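Report on the following structure.
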Amino acid sequence: MIQSFADWLVYGIIGLDSASHLAGALNFFVYDTIKILLLLFLISSIMGIVNAYFPIERLRSYLLTHRLFGAQYLLASLFGAITPFCSCSSIPLFIGFVKGGIPLGVTLSFLITSPLVNEVAVAMFLGSFGVQATAIYVASGIILGCIGGFVLGRIRLERYLSDWVKHVQAQSEQQTMRWEKDNTTFVKRLPTIVGDAWHIVRSVLVYVVIGIGIGALMHGFVPEGFFEQYMSRECWYAVPLSVVLAVPMYANAAGIVPVVEVFVAKGIPLGTAIAFMMAVVGLSLPEATLLKKVMTWRLIALFFATVTIFIIISGYIFNMVL
């Protein structure tokens, strides 16, 4: 329905030619902005209900005080793998986790894996590259989330969350305590929950618009064939260069799989192409812009650097194995 509205607005009302770069960029911008804002409002409302009734403090305490031998990171990565979100669409759920006080390393495991692996991309990958390549791709995405979340969690980065997130966390805990003390009914809690969700949407609106705007420009105006010339089989630096070139791009895993197929058909090694794909969906500039609302630049830099290193390593391993 959102896509139909974007098509109607851009091609019908505004009257742009569907084949033009401007139309493609604007259509992408309208669709993704509406989608992410709706997701943010819906997920924020759901997480508000969860925070109001679920003993989130008990879960947080359990995760912090019990030795789970990494199972919490694996579960977060698996949850990320089954959620059909791109990097920007994953952020509303990430905000909900952080708001609920879930340990940052665990939430980052979800944030890393969620855009990298989803069922649509897996099905497309299976049809294009076979069982072995698909299994390695899925396993690497989940392992990347586990290791990345574990490493970042061990650094104790909570102090680098933005003041806005800390304020939202404190308000949420205080509100829940008041409701519990007064035995407030769900009907009376709902307006506050919805109001808080709307407040979150308004707080990140500018970041959403800027982030999706960057992605739309890249989506609509980067010329076809621009990247192939820099991803040659002979270059030892092809994998890291592919990752760097991919960062300004923005797409979900399902949207980038056909591009990977084209790259491979043109002789680019599969590992290099997969590294490019992972960087596109997991390290986009629009994602960084959205994350600025919940993280300081230092934390964003650490997050991107960690994921970049692991993606580059994965690319080299893919090229050796496949």
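Identifiers in the structure tokens: chain A, B, ... in order shown; residue index from 1 per chain; ligand index from 1 in order shown.
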
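Around Leu78 of chain A, within 8 Å and counting only C-alpha atoms, the residues found are Phe110, Thr113 and Ile142 of chain A, once anything fewer than 5 positions away on its own chain is removed.
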
Generate a file of the selected residues that holds C-alpha atoms, formatted as a compact mmCIF listing (two decimals), in the first residue's frame.
# COMPACT_ATOMS: atom_id res chain seq x y z
CA PHE A 110 20.46 -7.77 16.74
CA THR A 113 22.48 -9.32 11.95
CA ILE A 142 24.75 -14.66 12.47

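Residues in contact with segment 310-312 of chain A at up to 6 Å, not including ones fewer than 2 positions away on its chain and judged by only C-alpha atoms, are Pro240, Ala275, Val307, Thr308, Ser314 and Gly315 of chain A.
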
Selection file, N, CA, C and O atoms, as a compact mmCIF listing (two decimals), in the first residue's frame:
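Okay, selection.txt is ready:
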# COMPACT_ATOMS: atom_id res chain seq x y z
N PRO A 240 38.45 -4.84 0.89
CA PRO A 240 38.25 -3.63 1.70
C PRO A 240 37.75 -2.45 0.88
O PRO A 240 36.94 -1.64 1.38
N ALA A 275 30.90 -9.29 0.46
CA ALA A 275 31.39 -8.24 1.35
C ALA A 275 30.77 -6.89 0.99
O ALA A 275 30.37 -6.11 1.86
N VAL A 307 32.21 -3.67 12.74
CA VAL A 307 31.49 -4.41 11.70
C VAL A 307 32.29 -4.41 10.39
O VAL A 307 32.34 -5.43 9.69
N THR A 308 32.94 -3.30 10.07
CA THR A 308 33.74 -3.22 8.84
C THR A 308 34.86 -4.25 8.85
O THR A 308 35.09 -4.96 7.87
N SER A 314 35.44 -11.59 6.59
CA SER A 314 34.49 -12.55 5.99
C SER A 314 34.67 -12.62 4.47
O SER A 314 34.62 -13.69 3.88
N GLY A 315 34.89 -11.45 3.83
CA GLY A 315 35.07 -11.43 2.39
C GLY A 315 36.27 -12.24 1.95
O GLY A 315 36.20 -13.01 0.97

Checklist entry - With distances taken over only C-alpha atoms, which of A:Ile2, A:Ile155, A:Val281, A:Ala23 is nearest to Met249 of chain A? => result A:Val281

Residues within 9 Å of Ile143 of chain A, only C-alpha atoms, excluding chain neighbours under 5 positions, as a PDB file with all heavy atoms, in the first residue's frame:
ATOM      1  N   LEU A  74      23.735 -14.942  20.658  1.00  0.00           N
ATOM      2  CA  LEU A  74      23.232 -15.832  19.615  1.00  0.00           C
ATOM      3  C   LEU A  74      21.733 -15.658  19.429  1.00  0.00           C
ATOM      4  O   LEU A  74      21.235 -15.581  18.298  1.00  0.00           O
ATOM      5  CB  LEU A  74      23.552 -17.284  19.964  1.00  0.00           C
ATOM      6  CG  LEU A  74      23.011 -18.346  18.995  1.00  0.00           C
ATOM      7  CD1 LEU A  74      23.560 -18.132  17.590  1.00  0.00           C
ATOM      8  CD2 LEU A  74      23.331 -19.749  19.499  1.00  0.00           C
ATOM      9  N   SER A  77      21.071 -12.419  17.657  1.00  0.00           N
ATOM     10  CA  SER A  77      21.420 -12.528  16.240  1.00  0.00           C
ATOM     11  C   SER A  77      20.386 -13.348  15.472  1.00  0.00           C
ATOM     12  O   SER A  77      20.008 -13.002  14.347  1.00  0.00           O
ATOM     13  CB  SER A  77      22.804 -13.154  16.081  1.00  0.00           C
ATOM     14  OG  SER A  77      23.808 -12.299  16.586  1.00  0.00           O
ATOM     15  N   THR A 113      22.974  -8.192  12.752  1.00  0.00           N
ATOM     16  CA  THR A 113      22.484  -9.317  11.952  1.00  0.00           C
ATOM     17  C   THR A 113      21.203  -8.995  11.187  1.00  0.00           C
ATOM     18  O   THR A 113      21.008  -9.470  10.065  1.00  0.00           O
ATOM     19  CB  THR A 113      22.235 -10.541  12.852  1.00  0.00           C
ATOM     20  OG1 THR A 113      23.437 -10.877  13.527  1.00  0.00           O
ATOM     21  CG2 THR A 113      21.776 -11.743  12.036  1.00  0.00           C
ATOM     22  N   VAL A 138      24.518 -17.161   5.466  1.00  0.00           N
ATOM     23  CA  VAL A 138      23.654 -17.070   6.646  1.00  0.00           C
ATOM     24  C   VAL A 138      24.467 -17.234   7.922  1.00  0.00           C
ATOM     25  O   VAL A 138      24.329 -16.441   8.875  1.00  0.00           O
ATOM     26  CB  VAL A 138      22.534 -18.129   6.587  1.00  0.00           C
ATOM     27  CG1 VAL A 138      21.750 -18.155   7.896  1.00  0.00           C
ATOM     28  CG2 VAL A 138      21.594 -17.853   5.419  1.00  0.00           C
ATOM     29  N   GLY A 148      30.418  -9.470  16.937  1.00  0.00           N
ATOM     30  CA  GLY A 148      30.385  -8.015  17.019  1.00  0.00           C
ATOM     31  C   GLY A 148      29.710  -7.528  18.289  1.00  0.00           C
ATOM     32  O   GLY A 148      30.214  -6.629  18.978  1.00  0.00           O
TER      33      GLY A 148
END

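If only C-alpha atoms are the atoms counted, then among A:Tyr11, A:Tyr160, A:Phe29, A:Phe129 the closest residue to Ile300 of chain A is A:Tyr160.
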
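Checking A:Ile36, A:Ala25, A:Pro103, A:Ser45 one by one against Asp196 of chain A, counting only C-alpha atoms, you find the shortest gap at A:Ser45.
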
Next on the checklist: Using only C-alpha atoms for the distances, tell me which of A:Ile49, A:Asp7, A:Pro115, A:Leu42 is nearest to Trp179 of chain A.
Outcome noted: A:Ile49

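Restricting the calculation to only C-alpha atoms, the smallest distance between Gln171 of chain A and any of A:Gly101, A:Pro248, A:Ile82, A:Phe150 is found for A:Gly101.
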
Next on the checklist: Using only C-alpha atoms, can you tell me which of A:Ile309, A:Gly15, A:Gly70, A:Tyr316 comes closest to Trp236 of chain A?
Outcome noted: A:Tyr316

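Atom pair atom CA of Gly145 of chain A / atom CA of Ser109 of chain A: separated by 4.4 Å.
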
For Gly24 of chain A, please output as a compact mmCIF listing (two decimals) with C-alpha atoms, in the first residue's frame all residues within 10 Å (counting only C-alpha atoms; exclusion window: fewer than 2 positions along the same chain).
# COMPACT_ATOMS: atom_id res chain seq x y z
CA ASP A 7 4.00 5.49 -7.12
CA VAL A 10 5.61 10.56 -7.76
CA TYR A 11 4.38 9.27 -11.11
CA LEU A 16 7.76 12.40 -13.13
CA ASP A 17 8.94 9.89 -15.71
CA SER A 18 9.39 6.53 -13.97
CA ALA A 19 12.62 5.94 -15.92
CA SER A 20 14.32 9.10 -14.67
CA HIS A 21 16.89 9.16 -11.88
CA LEU A 22 14.98 11.89 -10.03
CA LEU A 26 12.01 10.56 -4.96
CA ASN A 27 9.94 7.35 -5.04
CA PHE A 28 12.53 5.65 -2.84
CA PHE A 29 12.51 8.62 -0.43
CA ALA A 216 17.56 8.09 -2.02
CA LEU A 217 20.25 10.16 -3.73
CA HIS A 219 19.78 4.89 -4.99
CA GLY A 220 18.70 7.16 -7.81
CA PHE A 221 21.88 8.77 -9.09
